[in-house]
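Following: one structure in C-alpha cells, then a few remarks.
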2 protein chains.
Amino acid sequence: MNRKVPGPTLMRLATYLTYLAELDAKGVDTISSAQMEDRTGINAAIFRKDLSYFGEFGKPGIGYGVHELSAKIAAILKVDREQGVLLVGAGNLGSAIVAYPGLRSRNFHIAAVFDNNYNKIGRKLWDLEILDIANVKEVNKQLGARIAILAIPASAAQEVAEMLVEADVRAILNFAPVTLRLSKHIAVRNADSVQELAVLSYHLSDQDA
Amino acid sequence: MNRKVPGPTLMRLATYLTYLAELDAKGVDTISSAQMEDRTGINAAIFRKDLSYFGEFGKPGIGYGVHELSAKIAAILKVDREQGVLLVGAGNLGSAIVAYPGLRSRNFHIAAVFDNNYNKIGRKLWDLEILDIANVKEVNKQLGARIAILAIPASAAQEVAEMLVEADVRAILNFAPVTLRLSKHIAVRNADSVQELAVLSYHLSDQDA
C-alpha cells in the first residue's frame, strides 16, 4: 500500500470500476481477467498487476467477485463516500456537467456553481444558483469542497485556478486547453478533448487522416 | 519509427503540443526539457524518451526549437492537416463541443451533427443542421470523416458506435460512461469526466475526502 501507484494504473482502476459497476447492475457474480481484457481492451496481465498494488484479489479458477472488487476499487479511489465538487463556468459545458448522471453514480455532486459574468450571477443553472467567483473562498468555508471543475475559457483558467487553491481546493479537473501552473501539492487533470482527438488521429492510417 | 508507441506517450505528446503552441504564440524560440518539466509536471527524462521514438530533437546547451518541435509533433499526431469530425448528440455537451475553440486550433472541425430525437432533427446546433443518425452512413459517404465524438447517454452508445463503424468511422471519442465493445481496428478513447474525478479523488488526503 505504501508503493507509489502510477497514474495510468489509477486511470485504469477507474475504467475497471465503470465496467464492474455495469456488470454488478446486471447481476453478474464473477469475472476473469481474460473477460476483463476482452471487454475493456486492457491486457489481463496489466489488470492483475494493477490490482496487486492493493493486495490479493480473485481466486484461481473462479475469478474476481464483481461486487466485492467493485466496492474495493471504489474505496481505493475514495468514491465510496459522498463528495461535493465546485464547478466554475456556467456555460454549455458547465450545464452538461451539472446534468451528467454519471457524477451521482460515483457519489460526486456539484455543491456550487460559479461564474464571473454578471449576466449569469444570480440566475440558475438547473437547480443551482450561479454564484460570483469572487466569493468562492467565503462560500467554500461552509461547503468544504476539495475538488473543482474548471469549465471556462483558457484565458481565465490560471487566475481562477489560483482562487480555487486559495479556497482550499486540492484537486482540479481542467477542461480549459491550457497548462495550469500550480503548487505540486495540487492534483490537476486535464480533460482536454482536443488532446484526446489528437491521440485518436495518430491511430488513423495515413490514407484516412 | 516502427516501434509501437505507447498510449501514455501519445497522450503526453498532445500535452507537449498544447504547451508548445502556447509558447509559439508568445514568440518563445527555444525550451529546455527542464523547463518543460517545470511547466507540465512531466519528468524531463520522460519527455526526452517520448521524443526519442520519433528521431533526434534538440541541441545540447540550446534546447528544443519551439516552432520546429511543435510542427513535428503536430505531424506525428496528424493534426497538421484539416480533419472533419462527426458529432453524435445535440444536447448540452454537444453544444459545448461545437462551440469549443480548441478544436479549430488543432485543425479539427465538426463536419456534421446527428441526433435521434425528432424534436431536434432539422433544427440547428449553432450553424449546423442536426441530422438524423439513421442517415449517418449515407451522409458520411460524402463527408468521408474518420473520427466521431459520442456525446449521448450510455444507453444508446453501443448501438450508435456500431452505426458509426458501419459508416467508415475509424476512431471514436466516447463521452458516454460505458465501455464500448468494438473491433480492435477501431480506436476508442473514453473521455469520462467521472473517471478523471475519481483519479483526483484518490489523490486527496484521507482528511480531505
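In the C-alpha cells, each chain is lettered A, B, ... as it comes, each chain's residues begin at 1, and ligands are numbered from 1 in order of appearance.
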Interface list for chain B, partner chain A, 8 Å threshold, only C-alpha atoms, as a PyMOL selection string: chain B and resi 8+10-11+14-15+18-19+22+39-40+76-79+81+83+91-93+95-97+102-103+106+146-147+170-173+177-181+187-189+191+193-204+208-209
Could the residues in this selection be saved with N, CA and C atoms as a compact mmCIF listing (two decimals), in the first residue's frame?
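Contents of the output file selection29.txt:
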```
# COMPACT_ATOMS: atom_id res chain seq x y z
N PRO B 8 0.40 6.17 -23.32
CA PRO B 8 0.72 7.33 -22.48
C PRO B 8 1.68 8.32 -23.15
N LEU B 10 1.71 8.98 -26.36
CA LEU B 10 0.89 9.77 -27.29
C LEU B 10 0.13 10.86 -26.54
N MET B 11 -0.43 10.50 -25.39
CA MET B 11 -1.18 11.48 -24.61
C MET B 11 -0.25 12.62 -24.16
N ALA B 14 0.49 15.03 -26.93
CA ALA B 14 -0.60 16.00 -27.09
C ALA B 14 -0.48 17.11 -26.05
N THR B 15 -0.04 16.74 -24.84
CA THR B 15 0.18 17.76 -23.79
C THR B 15 1.34 18.68 -24.16
N THR B 18 0.16 21.17 -26.72
CA THR B 18 -0.64 22.27 -26.16
C THR B 18 0.28 23.35 -25.60
N TYR B 19 1.28 22.92 -24.84
CA TYR B 19 2.17 23.89 -24.21
C TYR B 19 3.07 24.57 -25.24
N GLU B 22 1.28 27.24 -27.02
CA GLU B 22 1.18 28.46 -26.20
C GLU B 22 2.47 29.28 -26.29
N ARG B 39 6.87 23.20 -16.30
CA ARG B 39 5.58 23.72 -16.74
C ARG B 39 4.49 22.66 -16.82
N THR B 40 4.87 21.46 -17.27
CA THR B 40 3.83 20.44 -17.49
C THR B 40 3.79 19.41 -16.35
N ILE B 76 3.31 14.23 -36.34
CA ILE B 76 3.24 12.87 -35.78
C ILE B 76 1.79 12.53 -35.44
N LEU B 77 1.11 13.46 -34.80
CA LEU B 77 -0.28 13.24 -34.37
C LEU B 77 -1.27 13.46 -35.52
N LYS B 78 -0.74 13.85 -36.67
CA LYS B 78 -1.57 14.10 -37.87
C LYS B 78 -2.58 15.24 -37.65
N VAL B 79 -2.25 16.15 -36.76
CA VAL B 79 -3.13 17.32 -36.57
C VAL B 79 -2.59 18.53 -37.33
N ARG B 81 -3.09 18.64 -40.48
CA ARG B 81 -4.00 18.69 -41.63
C ARG B 81 -5.43 18.86 -41.12
N GLN B 83 -9.15 18.05 -40.44
CA GLN B 83 -9.90 16.81 -40.31
C GLN B 83 -11.34 17.07 -39.86
N GLY B 91 -27.12 17.68 -27.51
CA GLY B 91 -27.53 18.19 -26.20
C GLY B 91 -26.56 19.25 -25.70
N ASN B 92 -26.53 19.45 -24.39
CA ASN B 92 -25.65 20.46 -23.79
C ASN B 92 -24.19 20.18 -24.10
N LEU B 93 -23.78 18.91 -23.95
CA LEU B 93 -22.39 18.59 -24.19
C LEU B 93 -22.05 18.79 -25.66
N SER B 95 -23.41 20.78 -27.72
CA SER B 95 -23.38 22.21 -27.95
C SER B 95 -22.04 22.81 -27.50
N ALA B 96 -21.56 22.36 -26.34
CA ALA B 96 -20.27 22.85 -25.84
C ALA B 96 -19.14 22.43 -26.77
N ILE B 97 -19.23 21.23 -27.32
CA ILE B 97 -18.17 20.73 -28.20
C ILE B 97 -18.10 21.54 -29.49
N GLY B 102 -10.91 25.24 -29.09
CA GLY B 102 -9.72 24.39 -29.17
C GLY B 102 -9.71 23.44 -30.36
N LEU B 103 -10.89 23.06 -30.84
CA LEU B 103 -10.96 22.15 -32.00
C LEU B 103 -10.22 22.73 -33.18
N ARG B 106 -6.44 22.75 -33.50
CA ARG B 106 -5.77 21.51 -33.91
C ARG B 106 -6.31 21.02 -35.26
N ARG B 146 -13.42 10.26 -40.53
CA ARG B 146 -12.95 9.01 -39.92
C ARG B 146 -12.97 9.06 -38.40
N ILE B 147 -13.27 10.23 -37.85
CA ILE B 147 -13.32 10.41 -36.40
C ILE B 147 -14.72 10.85 -36.01
N ARG B 170 -13.34 5.40 -38.00
CA ARG B 170 -12.26 4.52 -37.53
C ARG B 170 -11.77 4.86 -36.13
N ALA B 171 -12.25 5.98 -35.58
CA ALA B 171 -11.79 6.42 -34.26
C ALA B 171 -12.94 7.14 -33.57
N ILE B 172 -13.15 6.81 -32.30
CA ILE B 172 -14.29 7.36 -31.56
C ILE B 172 -13.84 7.93 -30.22
N LEU B 173 -14.21 9.16 -29.98
CA LEU B 173 -14.04 9.76 -28.66
C LEU B 173 -15.38 9.63 -27.94
N PRO B 177 -20.57 7.22 -20.32
CA PRO B 177 -19.89 6.45 -19.27
C PRO B 177 -20.17 4.96 -19.41
N VAL B 178 -19.67 4.38 -20.49
CA VAL B 178 -19.90 2.97 -20.76
C VAL B 178 -18.73 2.47 -21.61
N THR B 179 -18.37 1.20 -21.44
CA THR B 179 -17.28 0.64 -22.24
C THR B 179 -17.84 0.10 -23.55
N LEU B 180 -17.35 0.60 -24.66
CA LEU B 180 -17.82 0.18 -25.98
C LEU B 180 -17.14 -1.13 -26.37
N ARG B 181 -17.90 -1.99 -27.03
CA ARG B 181 -17.39 -3.28 -27.49
C ARG B 181 -17.34 -3.23 -29.02
N ALA B 187 -10.14 2.65 -33.04
CA ALA B 187 -9.51 3.31 -31.89
C ALA B 187 -10.60 4.00 -31.07
N VAL B 188 -10.61 3.72 -29.78
CA VAL B 188 -11.61 4.35 -28.91
C VAL B 188 -10.89 5.01 -27.74
N ARG B 189 -11.27 6.22 -27.43
CA ARG B 189 -10.81 6.83 -26.18
C ARG B 189 -12.03 7.28 -25.39
N ALA B 191 -13.64 9.64 -22.73
CA ALA B 191 -13.45 10.93 -22.09
C ALA B 191 -14.46 11.03 -20.95
N SER B 193 -15.47 12.07 -17.66
CA SER B 193 -15.03 13.04 -16.65
C SER B 193 -15.11 12.46 -15.26
N VAL B 194 -16.04 11.54 -15.06
CA VAL B 194 -16.19 10.98 -13.73
C VAL B 194 -15.00 10.11 -13.38
N GLN B 195 -14.45 9.43 -14.39
CA GLN B 195 -13.22 8.66 -14.15
C GLN B 195 -12.08 9.60 -13.76
N GLU B 196 -12.02 10.75 -14.43
CA GLU B 196 -10.98 11.73 -14.09
C GLU B 196 -11.17 12.23 -12.66
N LEU B 197 -12.41 12.49 -12.29
CA LEU B 197 -12.69 12.94 -10.92
C LEU B 197 -12.30 11.87 -9.91
N ALA B 198 -12.54 10.61 -10.27
CA ALA B 198 -12.20 9.51 -9.35
C ALA B 198 -10.69 9.46 -9.13
N VAL B 199 -9.91 9.70 -10.19
CA VAL B 199 -8.45 9.70 -10.05
C VAL B 199 -8.01 10.87 -9.17
N LEU B 200 -8.65 12.02 -9.35
CA LEU B 200 -8.33 13.17 -8.49
C LEU B 200 -8.68 12.86 -7.04
N SER B 201 -9.80 12.23 -6.87
CA SER B 201 -10.28 11.88 -5.53
C SER B 201 -9.25 11.01 -4.81
N TYR B 202 -8.65 10.07 -5.54
CA TYR B 202 -7.60 9.22 -4.97
C TYR B 202 -6.49 10.05 -4.35
N HIS B 203 -6.15 11.16 -5.01
CA HIS B 203 -5.01 11.96 -4.57
C HIS B 203 -5.33 12.85 -3.36
N LEU B 204 -6.60 12.98 -3.02
CA LEU B 204 -6.93 13.75 -1.81
C LEU B 204 -6.45 12.98 -0.59
N ASP B 208 -9.22 14.97 3.74
CA ASP B 208 -9.98 15.80 2.80
C ASP B 208 -11.19 15.06 2.24
N ALA B 209 -10.97 13.81 1.84
CA ALA B 209 -12.02 13.12 1.06
C ALA B 209 -13.09 12.53 1.96
```
A:Gln142 environment, 12 Å, only C-alpha atoms, sequence neighbours closer than 5 positions dropped, as a list of chain:residue names: A:Gly84, A:Ala111, A:Ala112, A:Asn135, A:Val136, A:Lys137, A:Ala167, A:Asp168
Nearby residues (only C-alpha atoms) at most 12 Å from stretch 62-68 of chain B, same-chain spacing under 3 positions excluded, as a ChimeraX atom specification: /B:16-36,44,47-48,51,56-59,71-75
Contacts of B:Glu129 at 12 Å (only C-alpha atoms; same-chain gap of 3+ positions) as a ChimeraX atom specification: /B:87,90,98,110-115,120-126,132
